[in-house]
$ cat start31.pdb   # PDB, C-alpha atoms
ATOM      1  CA  MET A   4      77.340  62.703  81.184  1.00  0.00           C
ATOM      2  CA  LEU A   5      80.295  64.353  79.456  1.00  0.00           C
ATOM      3  CA  THR A   6      79.502  67.333  77.298  1.00  0.00           C
ATOM      4  CA  PHE A   7      80.847  70.717  76.317  1.00  0.00           C
ATOM      5  CA  ASN A   8      78.787  73.783  77.056  1.00  0.00           C
ATOM      6  CA  LYS A   9      80.373  76.878  75.541  1.00  0.00           C
ATOM      7  CA  ASN A  10      78.153  79.244  77.553  1.00  0.00           C
ATOM      8  CA  TYR A  11      79.241  77.877  80.922  1.00  0.00           C
ATOM      9  CA  PHE A  12      82.826  77.674  79.704  1.00  0.00           C
ATOM     10  CA  GLY A  13      82.754  81.306  78.610  1.00  0.00           C
ATOM     11  CA  LEU A  14      81.346  82.323  81.997  1.00  0.00           C
ATOM     12  CA  ALA A  15      84.043  80.281  83.747  1.00  0.00           C
ATOM     13  CA  ILE A  16      86.767  82.057  81.761  1.00  0.00           C
ATOM     14  CA  LEU A  17      85.238  85.472  82.464  1.00  0.00           C
ATOM     15  CA  ILE A  18      84.940  84.797  86.197  1.00  0.00           C
ATOM     16  CA  PHE A  19      88.475  83.388  86.267  1.00  0.00           C
ATOM     17  CA  ILE A  20      89.795  86.600  84.694  1.00  0.00           C
ATOM     18  CA  ILE A  21      87.850  88.651  87.252  1.00  0.00           C
ATOM     19  CA  GLU A  22      89.293  86.524  90.072  1.00  0.00           C
ATOM     20  CA  VAL A  23      92.832  87.003  88.765  1.00  0.00           C
ATOM     21  CA  LEU A  24      92.310  90.762  88.480  1.00  0.00           C
ATOM     22  CA  ILE A  25      90.952  90.861  92.038  1.00  0.00           C
ATOM     23  CA  ALA A  26      93.953  88.864  93.287  1.00  0.00           C
ATOM     24  CA  LEU A  27      96.456  91.098  91.490  1.00  0.00           C
ATOM     25  CA  PHE A  28      94.986  94.542  91.915  1.00  0.00           C
ATOM     26  CA  VAL A  29      92.426  94.653  94.723  1.00  0.00           C
ATOM     27  CA  HIS A  30      93.747  94.825  98.254  1.00  0.00           C
ATOM     28  CA  ASP A  31      90.754  95.850 100.302  1.00  0.00           C
ATOM     29  CA  ARG A  32      88.700  94.392 103.122  1.00  0.00           C
ATOM     30  CA  PHE A  33      85.572  93.489 101.173  1.00  0.00           C
ATOM     31  CA  ILE A  34      85.986  92.660  97.479  1.00  0.00           C
ATOM     32  CA  ARG A  35      89.033  90.446  97.739  1.00  0.00           C
ATOM     33  CA  PRO A  36      88.069  88.399 100.796  1.00  0.00           C
ATOM     34  CA  TYR A  37      84.302  88.219 100.415  1.00  0.00           C
ATOM     35  CA  LEU A  38      83.302  88.831  96.807  1.00  0.00           C
ATOM     36  CA  GLY A  39      86.258  86.715  95.693  1.00  0.00           C
ATOM     37  CA  ASP A  40      84.936  83.771  97.730  1.00  0.00           C
ATOM     38  CA  VAL A  41      81.404  84.230  96.372  1.00  0.00           C
ATOM     39  CA  LEU A  42      82.810  84.250  92.838  1.00  0.00           C
ATOM     40  CA  VAL A  43      85.043  81.216  93.355  1.00  0.00           C
ATOM     41  CA  VAL A  44      82.098  78.867  93.936  1.00  0.00           C
ATOM     42  CA  ILE A  45      80.368  80.324  90.877  1.00  0.00           C
ATOM     43  CA  LEU A  46      83.580  79.783  88.906  1.00  0.00           C
ATOM     44  CA  LEU A  47      83.796  76.141  90.021  1.00  0.00           C
ATOM     45  CA  TYR A  48      80.137  75.614  89.202  1.00  0.00           C
ATOM     46  CA  CYS A  49      80.454  77.093  85.702  1.00  0.00           C
ATOM     47  CA  PHE A  50      83.618  75.097  85.048  1.00  0.00           C
ATOM     48  CA  LEU A  51      81.958  71.823  86.041  1.00  0.00           C
ATOM     49  CA  LYS A  52      78.829  72.630  84.026  1.00  0.00           C
ATOM     50  CA  SER A  53      81.108  73.266  81.034  1.00  0.00           C
ATOM     51  CA  PHE A  54      82.021  69.583  80.879  1.00  0.00           C
ATOM     52  CA  LEU A  55      79.474  67.613  82.909  1.00  0.00           C
ATOM     53  CA  LYS A  56      75.815  67.215  82.126  1.00  0.00           C
ATOM     54  CA  LEU A  57      74.490  67.228  85.684  1.00  0.00           C
ATOM     55  CA  SER A  58      71.476  68.942  87.164  1.00  0.00           C
ATOM     56  CA  PHE A  59      72.126  72.418  88.490  1.00  0.00           C
ATOM     57  CA  LEU A  60      71.137  71.285  91.981  1.00  0.00           C
ATOM     58  CA  THR A  61      73.556  68.320  91.987  1.00  0.00           C
ATOM     59  CA  THR A  62      76.382  70.472  90.652  1.00  0.00           C
ATOM     60  CA  ALA A  63      75.727  73.304  93.105  1.00  0.00           C
ATOM     61  CA  LEU A  64      75.602  70.904  96.052  1.00  0.00           C
ATOM     62  CA  GLY A  65      78.828  69.216  94.924  1.00  0.00           C
ATOM     63  CA  VAL A  66      80.595  72.574  94.635  1.00  0.00           C
ATOM     64  CA  LEU A  67      79.363  73.618  98.079  1.00  0.00           C
ATOM     65  CA  ILE A  68      80.551  70.363  99.669  1.00  0.00           C
ATOM     66  CA  PHE A  69      83.921  70.677  97.912  1.00  0.00           C
ATOM     67  CA  SER A  70      84.291  74.285  99.076  1.00  0.00           C
ATOM     68  CA  PHE A  71      83.439  73.348 102.654  1.00  0.00           C
ATOM     69  CA  MET A  72      86.001  70.513 102.498  1.00  0.00           C
ATOM     70  CA  ILE A  73      88.739  72.899 101.355  1.00  0.00           C
ATOM     71  CA  GLU A  74      87.837  75.294 104.160  1.00  0.00           C
ATOM     72  CA  PHE A  75      87.931  72.428 106.657  1.00  0.00           C
ATOM     73  CA  LEU A  76      91.391  71.478 105.372  1.00  0.00           C
ATOM     74  CA  GLN A  77      92.430  75.062 106.109  1.00  0.00           C
ATOM     75  CA  PHE A  78      91.141  74.551 109.657  1.00  0.00           C
ATOM     76  CA  LEU A  79      93.454  71.527 109.872  1.00  0.00           C
ATOM     77  CA  HIS A  80      96.393  73.599 108.496  1.00  0.00           C
ATOM     78  CA  ILE A  81      96.844  71.158 105.618  1.00  0.00           C
ATOM     79  CA  VAL A  82      99.372  73.355 103.791  1.00  0.00           C
ATOM     80  CA  GLU A  83     101.716  73.240 106.781  1.00  0.00           C
ATOM     81  CA  LYS A  84     101.123  69.537 107.400  1.00  0.00           C
ATOM     82  CA  LEU A  85     102.051  68.801 103.787  1.00  0.00           C
ATOM     83  CA  HIS A  86     105.108  71.084 104.144  1.00  0.00           C
ATOM     84  CA  LEU A  87     103.922  73.309 101.288  1.00  0.00           C
ATOM     85  CA  GLU A  88     104.320  76.627 103.100  1.00  0.00           C
ATOM     86  CA  GLU A  89     106.804  77.820 100.470  1.00  0.00           C
ATOM     87  CA  SER A  90     104.498  76.955  97.573  1.00  0.00           C
ATOM     88  CA  LYS A  91     102.590  80.046  96.508  1.00  0.00           C
ATOM     89  CA  PHE A  92     100.396  77.823  94.322  1.00  0.00           C
ATOM     90  CA  ALA A  93      99.425  75.531  97.227  1.00  0.00           C
ATOM     91  CA  ARG A  94      98.845  78.488  99.518  1.00  0.00           C
ATOM     92  CA  THR A  95      96.613  80.134  96.921  1.00  0.00           C
ATOM     93  CA  VAL A  96      94.614  77.067  95.885  1.00  0.00           C
ATOM     94  CA  LEU A  97      94.227  75.453  99.306  1.00  0.00           C
ATOM     95  CA  GLY A  98      94.311  78.622 101.362  1.00  0.00           C
ATOM     96  CA  THR A  99      95.934  79.026 104.708  1.00  0.00           C
ATOM     97  CA  SER A 100      93.367  80.293 107.186  1.00  0.00           C
ATOM     98  CA  PHE A 101      89.987  78.947 108.195  1.00  0.00           C
ATOM     99  CA  SER A 102      87.092  81.381 108.454  1.00  0.00           C
ATOM    100  CA  TRP A 103      83.457  80.836 109.305  1.00  0.00           C
ATOM    101  CA  ILE A 104      82.652  83.844 107.137  1.00  0.00           C
ATOM    102  CA  ASP A 105      84.152  82.028 104.136  1.00  0.00           C
ATOM    103  CA  LEU A 106      81.609  79.245 104.611  1.00  0.00           C
ATOM    104  CA  PHE A 107      78.882  81.887 104.573  1.00  0.00           C
ATOM    105  CA  THR A 108      80.252  83.453 101.364  1.00  0.00           C
ATOM    106  CA  TYR A 109      80.251  80.037  99.679  1.00  0.00           C
ATOM    107  CA  VAL A 110      76.586  79.589 100.619  1.00  0.00           C
ATOM    108  CA  ILE A 111      75.807  83.060  99.208  1.00  0.00           C
ATOM    109  CA  GLY A 112      77.519  82.083  95.930  1.00  0.00           C
ATOM    110  CA  ILE A 113      75.493  78.873  95.736  1.00  0.00           C
ATOM    111  CA  ILE A 114      72.255  80.755  96.456  1.00  0.00           C
ATOM    112  CA  ILE A 115      73.092  83.121  93.586  1.00  0.00           C
ATOM    113  CA  ILE A 116      73.659  80.113  91.312  1.00  0.00           C
ATOM    114  CA  LEU A 117      70.368  78.500  92.317  1.00  0.00           C
ATOM    115  CA  LEU A 118      68.404  81.717  91.802  1.00  0.00           C
ATOM    116  CA  VAL A 119      69.959  82.400  88.406  1.00  0.00           C
ATOM    117  CA  GLU A 120      69.516  78.811  87.237  1.00  0.00           C
ATOM    118  CA  LYS A 121      65.906  78.697  88.428  1.00  0.00           C
ATOM    119  CA  TYR A 122      65.178  81.972  86.624  1.00  0.00           C
ATOM    120  CA  CYS A 123      66.885  80.713  83.458  1.00  0.00           C
ATOM    121  CA  LEU A 124      64.949  77.425  83.544  1.00  0.00           C
ATOM    122  CA  LYS A 125      61.653  79.303  83.899  1.00  0.00           C
ATOM    123  CA  ARG A 126      62.625  81.513  80.985  1.00  0.00           C
ATOM    124  CA  ILE A 127      63.595  78.550  78.805  1.00  0.00           C
ATOM    125  CA  LYS A 128      60.310  76.784  79.572  1.00  0.00           C
ATOM    126  CA  ALA A 129      58.358  79.972  78.812  1.00  0.00           C
ATOM    127  CA  ASP A 130      60.211  80.337  75.495  1.00  0.00           C
ATOM    128  CA  GLN A 131      59.457  76.718  74.635  1.00  0.00           C
ATOM    129  CA  LYS A 132      55.745  77.252  75.312  1.00  0.00           C
ATOM    130  CA  LYS A 133      55.752  80.311  73.042  1.00  0.00           C
ATOM    131  CA  GLN A 134      57.250  78.224  70.240  1.00  0.00           C
ATOM    132  CA  GLU A 135      54.544  75.536  70.538  1.00  0.00           C
TER
END
$ encode --input "start31.pdb" --output "structure tokens"
Amino acid sequence: MLTFNKNYFGLAILIFIIEVLIALFVHDRFIRPYLGDVLVVILLYCFLKSFLKLSFLTTALGVLIFSFMIEFLQFLHIVEKLHLEESKFARTVLGTSFSWIDLFTYVIGIIIILLVEKYCLKRIKADQKKQE
């Protein structure tokens, strides 16, 4: 179950760098709020796949459920309830405002993952047939 996949880890690092750059330098009404949320589920997925040997469907579903849970905690104002309003880290990681659109962006990110993984699996199987 535990493994190390350098490809997923490299993708996770790349997406993390992109997320940091978006957070530091992009202050618009599309890339930061929407593309950032699409990328965050892809980042979580790649990070998990770096260390866990799970099916892509199981991992994607787990990331989606986790993302929905975090968004629901925002709905409950968890940062305020835990008295972490002054913690920039807590506010960044947990978020502070619930949005239905965020749930939609998470689903878009998961759909992207599923499409890419399905395409990659088809390609791997085709390559394996060529080698036979």
$ resolve_selection --input "start31.pdb" --expression "the PyMOL selection byres ((chain A and resi 41) around 6)" --output "CSV table (one decimal) with C-alpha atoms, keeping the file's coordinate frame"
chain,number,residue,atom,x,y,z
A,38,LEU,CA,83.3,88.8,96.8
A,39,GLY,CA,86.3,86.7,95.7
A,40,ASP,CA,84.9,83.8,97.7
A,42,LEU,CA,82.8,84.2,92.8
A,43,VAL,CA,85.0,81.2,93.4
A,44,VAL,CA,82.1,78.9,93.9
A,108,THR,CA,80.3,83.5,101.4
A,109,TYR,CA,80.3,80.0,99.7
A,112,GLY,CA,77.5,82.1,95.9
$ atom_distance --input "start31.pdb" --atom1 "atom CA of Tyr11 of chain A" --atom2 "atom CA of Tyr48 of chain A"
8.6 Å
$ atom_distance --input "start31.pdb" --atom1 "atom CA of Phe101 of chain A" --atom2 "atom CA of Phe78 of chain A"
4.8 Å
$ atom_distance --input "start31.pdb" --atom1 "atom CA of Lys125 of chain A" --atom2 "atom CA of Leu64 of chain A"
20.3 Å
$ resolve_selection --input "start31.pdb" --expression "the PyMOL selection byres ((chain A and resi 46) around 9)" --output "ChimeraX atom specification"
/A:14-19,22,41-45,47-51
$ axis_aligned_box --input "start31.pdb" --around "segment 28-36 of chain A" --padding-each-side "3 Å" --output "AutoDock Vina command-line options"
--center_x 90.3 --center_y 92.1 --center_z 97.5 --size_x 15.4 --size_y 13.5 --size_z 17.2
$ closest_residue --input "start31.pdb" --among "A:Asp105, A:Glu120, A:Gln77, A:Phe28" --to "Ala93 of chain A" --atoms "all atoms listed in the file"
A:Gln77
$ residues_near_point --input "start31.pdb" --point "(95.4, 76.6, 107.4)" --cutoff "7 Å" --atoms "all atoms listed in the file" --output "list in words"
Leu76, Gln77, Phe78, Leu79, His80, Ile81, Val82, Gly98, Thr99, Ser100 and Phe101 of chain A
$ resolve_selection --input "start31.pdb" --expression "the PyMOL selection byres ((chain A and resi 56-59) around 12)" --output "number ranges by chain"
A: 4-8, 11, 45, 48-55, 60-66, 113-124
$ closest_residue --input "start31.pdb" --among "A:Ile34, A:Glu74, A:Lys84, A:Leu24" --to "Leu97 of chain A" --atoms "all atoms listed in the file"
A:Glu74
$ closest_residue --input "start31.pdb" --among "A:Asp130, A:Ile104, A:Leu87, A:Met72" --to "Phe33 of chain A" --atoms "all atoms listed in the file"
A:Ile104
$ build_atoms --input "start31.pdb" --residues "segment 54-77 of chain A" --atoms "N, CA and C atoms" --output "mmCIF file, in the coordinates of the input"
data_model
loop_
_atom_site.group_PDB
_atom_site.id
_atom_site.type_symbol
_atom_site.label_atom_id
_atom_site.label_comp_id
_atom_site.auth_asym_id
_atom_site.auth_seq_id
_atom_site.Cartn_x
_atom_site.Cartn_y
_atom_site.Cartn_z
ATOM 1 N N PHE A 54 81.615 70.909 81.332
ATOM 2 C CA PHE A 54 82.021 69.583 80.879
ATOM 3 C C PHE A 54 81.137 68.437 81.359
ATOM 4 N N LEU A 55 80.309 68.676 82.360
ATOM 5 C CA LEU A 55 79.474 67.613 82.909
ATOM 6 C C LEU A 55 78.002 67.958 82.751
ATOM 7 N N LYS A 56 77.251 67.008 82.273
ATOM 8 C CA LYS A 56 75.815 67.215 82.126
ATOM 9 C C LYS A 56 75.135 66.699 83.392
ATOM 10 N N LEU A 57 75.120 67.533 84.406
ATOM 11 C CA LEU A 57 74.490 67.228 85.684
ATOM 12 C C LEU A 57 73.424 68.277 85.950
ATOM 13 N N SER A 58 72.485 67.954 86.814
ATOM 14 C CA SER A 58 71.476 68.942 87.164
ATOM 15 C C SER A 58 72.151 70.103 87.899
ATOM 16 N N PHE A 59 71.524 71.263 87.820
ATOM 17 C CA PHE A 59 72.126 72.418 88.490
ATOM 18 C C PHE A 59 72.158 72.213 89.996
ATOM 19 N N LEU A 60 71.173 71.507 90.543
ATOM 20 C CA LEU A 60 71.137 71.285 91.981
ATOM 21 C C LEU A 60 72.263 70.348 92.422
ATOM 22 N N THR A 61 72.476 69.267 91.673
ATOM 23 C CA THR A 61 73.556 68.320 91.987
ATOM 24 C C THR A 61 74.911 69.005 91.895
ATOM 25 N N THR A 62 75.100 69.778 90.841
ATOM 26 C CA THR A 62 76.382 70.472 90.652
ATOM 27 C C THR A 62 76.616 71.493 91.754
ATOM 28 N N ALA A 63 75.598 72.274 92.067
ATOM 29 C CA ALA A 63 75.727 73.304 93.105
ATOM 30 C C ALA A 63 76.038 72.668 94.459
ATOM 31 N N LEU A 64 75.350 71.587 94.780
ATOM 32 C CA LEU A 64 75.602 70.904 96.052
ATOM 33 C C LEU A 64 77.016 70.333 96.094
ATOM 34 N N GLY A 65 77.464 69.747 94.991
ATOM 35 C CA GLY A 65 78.828 69.216 94.924
ATOM 36 C C GLY A 65 79.872 70.300 95.112
ATOM 37 N N VAL A 66 79.657 71.455 94.485
ATOM 38 C CA VAL A 66 80.595 72.574 94.635
ATOM 39 C C VAL A 66 80.604 73.074 96.076
ATOM 40 N N LEU A 67 79.434 73.155 96.691
ATOM 41 C CA LEU A 67 79.363 73.618 98.079
ATOM 42 C C LEU A 67 80.090 72.649 99.011
ATOM 43 N N ILE A 68 79.869 71.367 98.837
ATOM 44 C CA ILE A 68 80.551 70.363 99.669
ATOM 45 C C ILE A 68 82.064 70.445 99.465
ATOM 46 N N PHE A 69 82.493 70.552 98.214
ATOM 47 C CA PHE A 69 83.921 70.677 97.912
ATOM 48 C C PHE A 69 84.512 71.918 98.583
ATOM 49 N N SER A 70 83.811 73.035 98.487
ATOM 50 C CA SER A 70 84.291 74.285 99.076
ATOM 51 C C SER A 70 84.395 74.174 100.598
ATOM 52 N N PHE A 71 83.396 73.553 101.206
ATOM 53 C CA PHE A 71 83.439 73.348 102.654
ATOM 54 C C PHE A 71 84.608 72.434 103.037
ATOM 55 N N MET A 72 84.871 71.417 102.216
ATOM 56 C CA MET A 72 86.001 70.513 102.498
ATOM 57 C C MET A 72 87.328 71.260 102.447
ATOM 58 N N ILE A 73 87.496 72.119 101.452
ATOM 59 C CA ILE A 73 88.739 72.899 101.355
ATOM 60 C C ILE A 73 88.886 73.797 102.581
ATOM 61 N N GLU A 74 87.791 74.426 102.976
ATOM 62 C CA GLU A 74 87.837 75.294 104.160
ATOM 63 C C GLU A 74 88.173 74.481 105.408
ATOM 64 N N PHE A 75 87.626 73.288 105.521
ATOM 65 C CA PHE A 75 87.931 72.428 106.657
ATOM 66 C C PHE A 75 89.406 72.029 106.656
ATOM 67 N N LEU A 76 89.959 71.781 105.460
ATOM 68 C CA LEU A 76 91.391 71.478 105.372
ATOM 69 C C LEU A 76 92.230 72.667 105.834
ATOM 70 N N GLN A 77 91.742 73.871 105.594
ATOM 71 C CA GLN A 77 92.430 75.062 106.109
ATOM 72 C C GLN A 77 92.395 75.058 107.637
#
